[in-house]
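Take a look at the structure set out below.
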Amino acid sequence: MQNLPLRPGPATTSPPPDIEIWKAVPSDVTPMADLFLDKYGGDKATRLMYTTSEVWPTILDTIESYIDFEREVRFMIAMDIDTRIPVGLISVGVVPDGVHVDDYTGSELSVYANWAMRAERASARGEDPRRLTDARLGLSDVVDNRSRAGQDRYIGRSHLVLNTFAADLEGSTGQIYQSLLTWAINFAQIRNWPIWAQFPARHVGPLVRAGFVRVGGFSLDLDEFAPRRAGLGVEEYVQMVYRNPRGRSNVRMEDLRGHRSGRGRRESF
């Protein structure tokens with residue numbers, strides 16, 4: 001297993017000529033947090049849930065905590081095979097019907113990380129983390145509750161949850177997203193499970209192109225969750241499901257490029 005170099009800045013500055021999907025390992029945590037922050041750090045909801053100094057270390061800590069939870073979570077990276085630099089990430093939670101799973105498994109990364117950070121701080125102060133009153137948790141609670149209600153309403157059986165996905169914004173994002181989502185769809189097809197996703201509307205374009213279908217959504221006035229009216233406006237969230245057409249696979253296993261090359265880490269199912 002190859003250890004990858006850590007990087008302090010963007011994943012890459014040129015379009016990757018070829019991409020493989022590799023299982024993420026601890027040495028990938030820093031570039032994964034960077035990729036997440038590049039994609040979601042400027043979102044109004046992210047800025048409301050976190051202070052500027054909180055968001056990157058909190059996301060990094062959460063990825064680090066769950067990167068080896070293979071039974072419940074799969075973290076994968078899109079690797080530029082020429083530079084050996086991660087240019088994308090995806091996290092998928094495994095939610096079997098009737099089985100208790102960790103809270104992160106069924107959540108979106110930034111929403112869960114916000115709750116986990118504030119619960120840990122409350123415990124350090126001797127407070128009950130189940131009775132948090134931090135103002136910045138209001139939005140996280142509403143978004144997470146809507147997601148879990150949507151999973152019950154629109155799926156109601158064993159499924160996967162797309163916790164997060166991101167691509168290097170300076171690379172060929174279309175190719176990166178296609179490779180990541182192809183892996184996720186094949187991972188779901190092996191189990192004949194649907195995939196649930198809930199994200200702000202601006203981020204769902206790659207999901208639409210991959211075959212996810214909108215099943216619901218909601219809008220939130222972010223100023224209602226801000227300590228003071230900040231003119232943040234309304235955030236629209238989209239709820240989507242990918243369902244494999246019965247009896248056939250619309251994504252070929254050979255489309256996962258890592259199966260062609262013997263170099264480096266391979267896809268993990």
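A note on labels: chains of the structure tokens are A, B, ... as shown, every chain counts residues from 1, and ligands are counted from 1 in their shown order.
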Would you give me, as a list in words, the residues in range 167-239 of chain A that DSSP reads as alpha helix (DSSP H)?
-> Thr173, Gly174, Gln175, Ile176, Tyr177, Gln178, Ser179, Leu180, Leu181, Thr182, Trp183, Ala184, Ile185, Asn186, Phe187, Ala188, Gln189, Ile190, Arg191, Gly205, Pro206, Leu207, Val208, Arg209 and Ala210 of chain A
Might you pull out every residue within 10 Å of range 222-230 of chain A, with only C-alpha atoms counted and same-chain residues fewer than 6 positions away left off, and present them as a PyMOL selection string?
-> chain A and resi 44-45+48-49+135-140+142
Could you dump the residues just selected with N, CA and C atoms as a PDB file, in the first residue's frame?
```
ATOM      1  N   LYS A  44     -23.096  29.461   2.319  1.00  0.00           N
ATOM      2  CA  LYS A  44     -23.661  30.256   3.418  1.00  0.00           C
ATOM      3  C   LYS A  44     -23.990  29.375   4.623  1.00  0.00           C
ATOM      4  N   ALA A  45     -24.487  28.160   4.360  1.00  0.00           N
ATOM      5  CA  ALA A  45     -24.824  27.265   5.466  1.00  0.00           C
ATOM      6  C   ALA A  45     -23.571  26.858   6.239  1.00  0.00           C
ATOM      7  N   LEU A  48     -22.477  29.592   8.439  1.00  0.00           N
ATOM      8  CA  LEU A  48     -23.375  29.756   9.582  1.00  0.00           C
ATOM      9  C   LEU A  48     -23.101  28.706  10.660  1.00  0.00           C
ATOM     10  N   MET A  49     -22.770  27.490  10.245  1.00  0.00           N
ATOM     11  CA  MET A  49     -22.553  26.407  11.204  1.00  0.00           C
ATOM     12  C   MET A  49     -21.196  26.498  11.900  1.00  0.00           C
ATOM     13  N   ALA A 135     -26.286  27.972  19.527  1.00  0.00           N
ATOM     14  CA  ALA A 135     -27.091  28.555  18.457  1.00  0.00           C
ATOM     15  C   ALA A 135     -26.703  28.023  17.090  1.00  0.00           C
ATOM     16  N   ARG A 136     -25.434  27.697  16.884  1.00  0.00           N
ATOM     17  CA  ARG A 136     -24.984  27.232  15.573  1.00  0.00           C
ATOM     18  C   ARG A 136     -25.448  25.811  15.254  1.00  0.00           C
ATOM     19  N   LEU A 137     -26.061  25.139  16.218  1.00  0.00           N
ATOM     20  CA  LEU A 137     -26.562  23.794  15.970  1.00  0.00           C
ATOM     21  C   LEU A 137     -27.956  23.780  15.363  1.00  0.00           C
ATOM     22  N   GLY A 138     -28.658  24.899  15.424  1.00  0.00           N
ATOM     23  CA  GLY A 138     -30.042  24.920  14.952  1.00  0.00           C
ATOM     24  C   GLY A 138     -30.181  24.464  13.513  1.00  0.00           C
ATOM     25  N   LEU A 139     -29.346  25.020  12.638  1.00  0.00           N
ATOM     26  CA  LEU A 139     -29.420  24.658  11.227  1.00  0.00           C
ATOM     27  C   LEU A 139     -29.049  23.193  11.023  1.00  0.00           C
ATOM     28  N   SER A 140     -28.004  22.728  11.697  1.00  0.00           N
ATOM     29  CA  SER A 140     -27.591  21.328  11.560  1.00  0.00           C
ATOM     30  C   SER A 140     -28.723  20.388  11.938  1.00  0.00           C
ATOM     31  N   VAL A 142     -32.014  20.877  11.929  1.00  0.00           N
ATOM     32  CA  VAL A 142     -33.115  20.896  10.964  1.00  0.00           C
ATOM     33  C   VAL A 142     -32.734  20.142   9.692  1.00  0.00           C
TER      34      VAL A 142
END
```
Select from range 148-254 of chain A every residue with an atom at most 8 Å from any atom of range 88-95 of chain A, then for each give the shortest pair of atoms and their distance in Å to one decimal, using only C-alpha atoms, rows by chain and rising number, as a tab-separated table.
```
residue	atom	partner	partner_atom	distance
A:Ser158	CA	A:Val95	CA	5.7
A:His159	CA	A:Val95	CA	5.4
A:Leu160	CA	A:Val94	CA	4.9
A:Val161	CA	A:Gly93	CA	4.9
A:Leu162	CA	A:Val92	CA	4.7
A:Asn163	CA	A:Ser91	CA	5.2
A:Thr164	CA	A:Ser91	CA	5.3
A:Phe165	CA	A:Ile90	CA	4.2
A:Ala166	CA	A:Leu89	CA	5.4
A:Ala167	CA	A:Gly88	CA	4.1
A:Asp168	CA	A:Gly88	CA	5.9
A:Ile176	CA	A:Gly88	CA	6.4
A:Tyr177	CA	A:Gly88	CA	7.6
A:Leu180	CA	A:Ile90	CA	6.5
A:Ala184	CA	A:Val92	CA	7.4
```
Where does DSSP see strand (DSSP E) in range 19-240 of chain A, if you list the residues as a VMD selection string?
-> chain A and resid 19 to 23 73 to 80 85 to 95 159 to 167 195 to 200 213 to 221 234 to 240
Long-range neighbours of range 83-87 of chain A as number ranges by chain, 6 Å cut-off, only C-alpha atoms, 2 positions minimum in chain | A: 11, 78-81, 167-168
Keeping only all heavy atoms, write those residues as a CSV table (one decimal), in the first residue's frame.
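Saved file result-v8.csv follows:
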```csv
chain,number,residue,atom,x,y,z
A,11,ALA,N,-5.4,20.5,-4.8
A,11,ALA,CA,-5.0,19.1,-5.2
A,11,ALA,C,-4.2,19.1,-6.4
A,11,ALA,O,-3.2,18.4,-6.5
A,11,ALA,CB,-6.2,18.2,-5.3
A,78,ALA,N,-10.5,10.0,-5.6
A,78,ALA,CA,-10.1,10.0,-7.0
A,78,ALA,C,-8.7,10.4,-7.1
A,78,ALA,O,-8.3,11.5,-6.7
A,78,ALA,CB,-11.0,11.0,-7.8
A,79,MET,N,-7.8,9.6,-7.7
A,79,MET,CA,-6.4,9.8,-7.7
A,79,MET,C,-5.9,10.1,-9.2
A,79,MET,O,-6.3,9.4,-10.1
A,79,MET,CB,-5.7,8.6,-7.2
A,79,MET,CG,-4.2,8.7,-7.2
A,79,MET,SD,-3.6,9.9,-6.0
A,79,MET,CE,-4.0,9.1,-4.5
A,80,ASP,N,-5.2,11.2,-9.3
A,80,ASP,CA,-4.5,11.5,-10.6
A,80,ASP,C,-3.4,10.5,-10.6
A,80,ASP,O,-2.4,10.6,-9.8
A,80,ASP,CB,-4.0,12.9,-10.6
A,80,ASP,CG,-3.3,13.3,-11.9
A,80,ASP,OD1,-2.7,12.4,-12.5
A,80,ASP,OD2,-3.4,14.5,-12.2
A,81,ILE,N,-3.4,9.5,-11.5
A,81,ILE,CA,-2.4,8.5,-11.5
A,81,ILE,C,-1.0,8.9,-11.9
A,81,ILE,O,-0.1,8.2,-11.7
A,81,ILE,CB,-2.9,7.2,-12.2
A,81,ILE,CG1,-3.0,7.5,-13.7
A,81,ILE,CG2,-4.2,6.7,-11.7
A,81,ILE,CD1,-3.3,6.3,-14.6
A,167,ALA,N,-14.7,17.6,-5.8
A,167,ALA,CA,-13.6,17.4,-6.8
A,167,ALA,C,-12.8,18.7,-6.8
A,167,ALA,O,-13.2,19.8,-6.4
A,167,ALA,CB,-14.3,17.2,-8.2
A,168,ASP,N,-11.5,18.5,-7.2
A,168,ASP,CA,-10.6,19.6,-7.3
A,168,ASP,C,-11.2,20.6,-8.3
A,168,ASP,O,-11.4,20.3,-9.5
A,168,ASP,CB,-9.3,19.1,-7.8
A,168,ASP,CG,-8.3,20.2,-8.1
A,168,ASP,OD1,-8.5,21.4,-7.6
A,168,ASP,OD2,-7.3,20.0,-8.8
```
Pick from A:Thr173, A:Gln239, A:Thr58, A:Thr52, whichever lies nearest to Trp115 in chain A using only C-alpha atoms = A:Thr58
Close residues, Ala210 in chain A itself excluded, 9 Å, only C-alpha atoms, min 3 positions apart in chain, as a PyMOL selection string = chain A and resi 177-178+181-182+185+205-207+242
Store the residues picked out above, limited to all heavy atoms, as a PDB file, in the first residue's frame.
```pdb
ATOM      1  N   TYR A 177     -16.028  13.758 -11.043  1.00  0.00           N
ATOM      2  CA  TYR A 177     -17.329  13.393 -10.491  1.00  0.00           C
ATOM      3  C   TYR A 177     -17.864  12.115 -11.120  1.00  0.00           C
ATOM      4  O   TYR A 177     -18.446  11.263 -10.440  1.00  0.00           O
ATOM      5  CB  TYR A 177     -18.334  14.533 -10.689  1.00  0.00           C
ATOM      6  CG  TYR A 177     -18.138  15.693  -9.751  1.00  0.00           C
ATOM      7  CD1 TYR A 177     -18.152  17.009 -10.224  1.00  0.00           C
ATOM      8  CD2 TYR A 177     -17.961  15.496  -8.391  1.00  0.00           C
ATOM      9  CE1 TYR A 177     -17.985  18.081  -9.373  1.00  0.00           C
ATOM     10  CE2 TYR A 177     -17.784  16.561  -7.527  1.00  0.00           C
ATOM     11  CZ  TYR A 177     -17.799  17.852  -8.029  1.00  0.00           C
ATOM     12  OH  TYR A 177     -17.625  18.912  -7.180  1.00  0.00           O
ATOM     13  N   GLN A 178     -17.695  11.967 -12.412  1.00  0.00           N
ATOM     14  CA  GLN A 178     -18.159  10.759 -13.075  1.00  0.00           C
ATOM     15  C   GLN A 178     -17.480   9.521 -12.499  1.00  0.00           C
ATOM     16  O   GLN A 178     -18.130   8.500 -12.243  1.00  0.00           O
ATOM     17  CB  GLN A 178     -17.898  10.844 -14.585  1.00  0.00           C
ATOM     18  CG  GLN A 178     -18.376   9.603 -15.346  1.00  0.00           C
ATOM     19  CD  GLN A 178     -18.059   9.674 -16.825  1.00  0.00           C
ATOM     20  OE1 GLN A 178     -17.299  10.512 -17.272  1.00  0.00           O
ATOM     21  NE2 GLN A 178     -18.662   8.778 -17.588  1.00  0.00           N
ATOM     22  N   LEU A 181     -18.808   8.937  -8.787  1.00  0.00           N
ATOM     23  CA  LEU A 181     -20.200   8.491  -8.718  1.00  0.00           C
ATOM     24  C   LEU A 181     -20.395   7.145  -9.400  1.00  0.00           C
ATOM     25  O   LEU A 181     -21.273   6.367  -9.005  1.00  0.00           O
ATOM     26  CB  LEU A 181     -21.115   9.556  -9.313  1.00  0.00           C
ATOM     27  CG  LEU A 181     -21.160  10.852  -8.483  1.00  0.00           C
ATOM     28  CD1 LEU A 181     -21.871  11.965  -9.243  1.00  0.00           C
ATOM     29  CD2 LEU A 181     -21.817  10.621  -7.128  1.00  0.00           C
ATOM     30  N   THR A 182     -19.579   6.840 -10.403  1.00  0.00           N
ATOM     31  CA  THR A 182     -19.600   5.506 -10.997  1.00  0.00           C
ATOM     32  C   THR A 182     -19.244   4.466  -9.946  1.00  0.00           C
ATOM     33  O   THR A 182     -19.878   3.410  -9.848  1.00  0.00           O
ATOM     34  CB  THR A 182     -18.625   5.410 -12.183  1.00  0.00           C
ATOM     35  OG1 THR A 182     -19.071   6.269 -13.230  1.00  0.00           O
ATOM     36  CG2 THR A 182     -18.532   3.979 -12.711  1.00  0.00           C
ATOM     37  N   ILE A 185     -22.248   4.108  -7.535  1.00  0.00           N
ATOM     38  CA  ILE A 185     -23.375   3.404  -8.149  1.00  0.00           C
ATOM     39  C   ILE A 185     -23.093   1.910  -8.227  1.00  0.00           C
ATOM     40  O   ILE A 185     -23.961   1.081  -7.934  1.00  0.00           O
ATOM     41  CB  ILE A 185     -23.680   4.011  -9.536  1.00  0.00           C
ATOM     42  CG1 ILE A 185     -24.322   5.396  -9.359  1.00  0.00           C
ATOM     43  CG2 ILE A 185     -24.597   3.096 -10.345  1.00  0.00           C
ATOM     44  CD1 ILE A 185     -24.416   6.200 -10.634  1.00  0.00           C
ATOM     45  N   GLY A 205     -25.749  19.179  -9.530  1.00  0.00           N
ATOM     46  CA  GLY A 205     -25.591  18.959 -10.963  1.00  0.00           C
ATOM     47  C   GLY A 205     -24.942  17.630 -11.312  1.00  0.00           C
ATOM     48  O   GLY A 205     -25.452  16.887 -12.161  1.00  0.00           O
ATOM     49  N   PRO A 206     -23.798  17.278 -10.680  1.00  0.00           N
ATOM     50  CA  PRO A 206     -23.178  15.981 -10.989  1.00  0.00           C
ATOM     51  C   PRO A 206     -24.089  14.796 -10.665  1.00  0.00           C
ATOM     52  O   PRO A 206     -24.019  13.761 -11.341  1.00  0.00           O
ATOM     53  CB  PRO A 206     -21.928  15.970 -10.103  1.00  0.00           C
ATOM     54  CG  PRO A 206     -21.611  17.420  -9.873  1.00  0.00           C
ATOM     55  CD  PRO A 206     -22.948  18.094  -9.783  1.00  0.00           C
ATOM     56  N   LEU A 207     -24.928  14.930  -9.648  1.00  0.00           N
ATOM     57  CA  LEU A 207     -25.826  13.838  -9.298  1.00  0.00           C
ATOM     58  C   LEU A 207     -26.897  13.650 -10.368  1.00  0.00           C
ATOM     59  O   LEU A 207     -27.249  12.518 -10.724  1.00  0.00           O
ATOM     60  CB  LEU A 207     -26.480  14.109  -7.941  1.00  0.00           C
ATOM     61  CG  LEU A 207     -25.533  14.332  -6.760  1.00  0.00           C
ATOM     62  CD1 LEU A 207     -26.324  14.546  -5.474  1.00  0.00           C
ATOM     63  CD2 LEU A 207     -24.569  13.167  -6.603  1.00  0.00           C
ATOM     64  N   TYR A 242     -30.922   7.636  -6.130  1.00  0.00           N
ATOM     65  CA  TYR A 242     -30.526   6.836  -7.287  1.00  0.00           C
ATOM     66  C   TYR A 242     -31.059   5.426  -7.078  1.00  0.00           C
ATOM     67  O   TYR A 242     -30.802   4.795  -6.053  1.00  0.00           O
ATOM     68  CB  TYR A 242     -29.008   6.778  -7.460  1.00  0.00           C
ATOM     69  CG  TYR A 242     -28.621   5.933  -8.654  1.00  0.00           C
ATOM     70  CD1 TYR A 242     -28.486   6.511  -9.904  1.00  0.00           C
ATOM     71  CD2 TYR A 242     -28.456   4.552  -8.535  1.00  0.00           C
ATOM     72  CE1 TYR A 242     -28.178   5.742 -11.020  1.00  0.00           C
ATOM     73  CE2 TYR A 242     -28.152   3.772  -9.632  1.00  0.00           C
ATOM     74  CZ  TYR A 242     -28.018   4.371 -10.875  1.00  0.00           C
ATOM     75  OH  TYR A 242     -27.726   3.603 -11.971  1.00  0.00           O
TER      76      TYR A 242
END
```
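Minimum atom-to-atom distances from A:Leu220, A:Ala197, A:Ile77, A:Ile19 to Gly150 in chain A were compared using only C-alpha atoms, and the lowest value belongs to A:Ala197.
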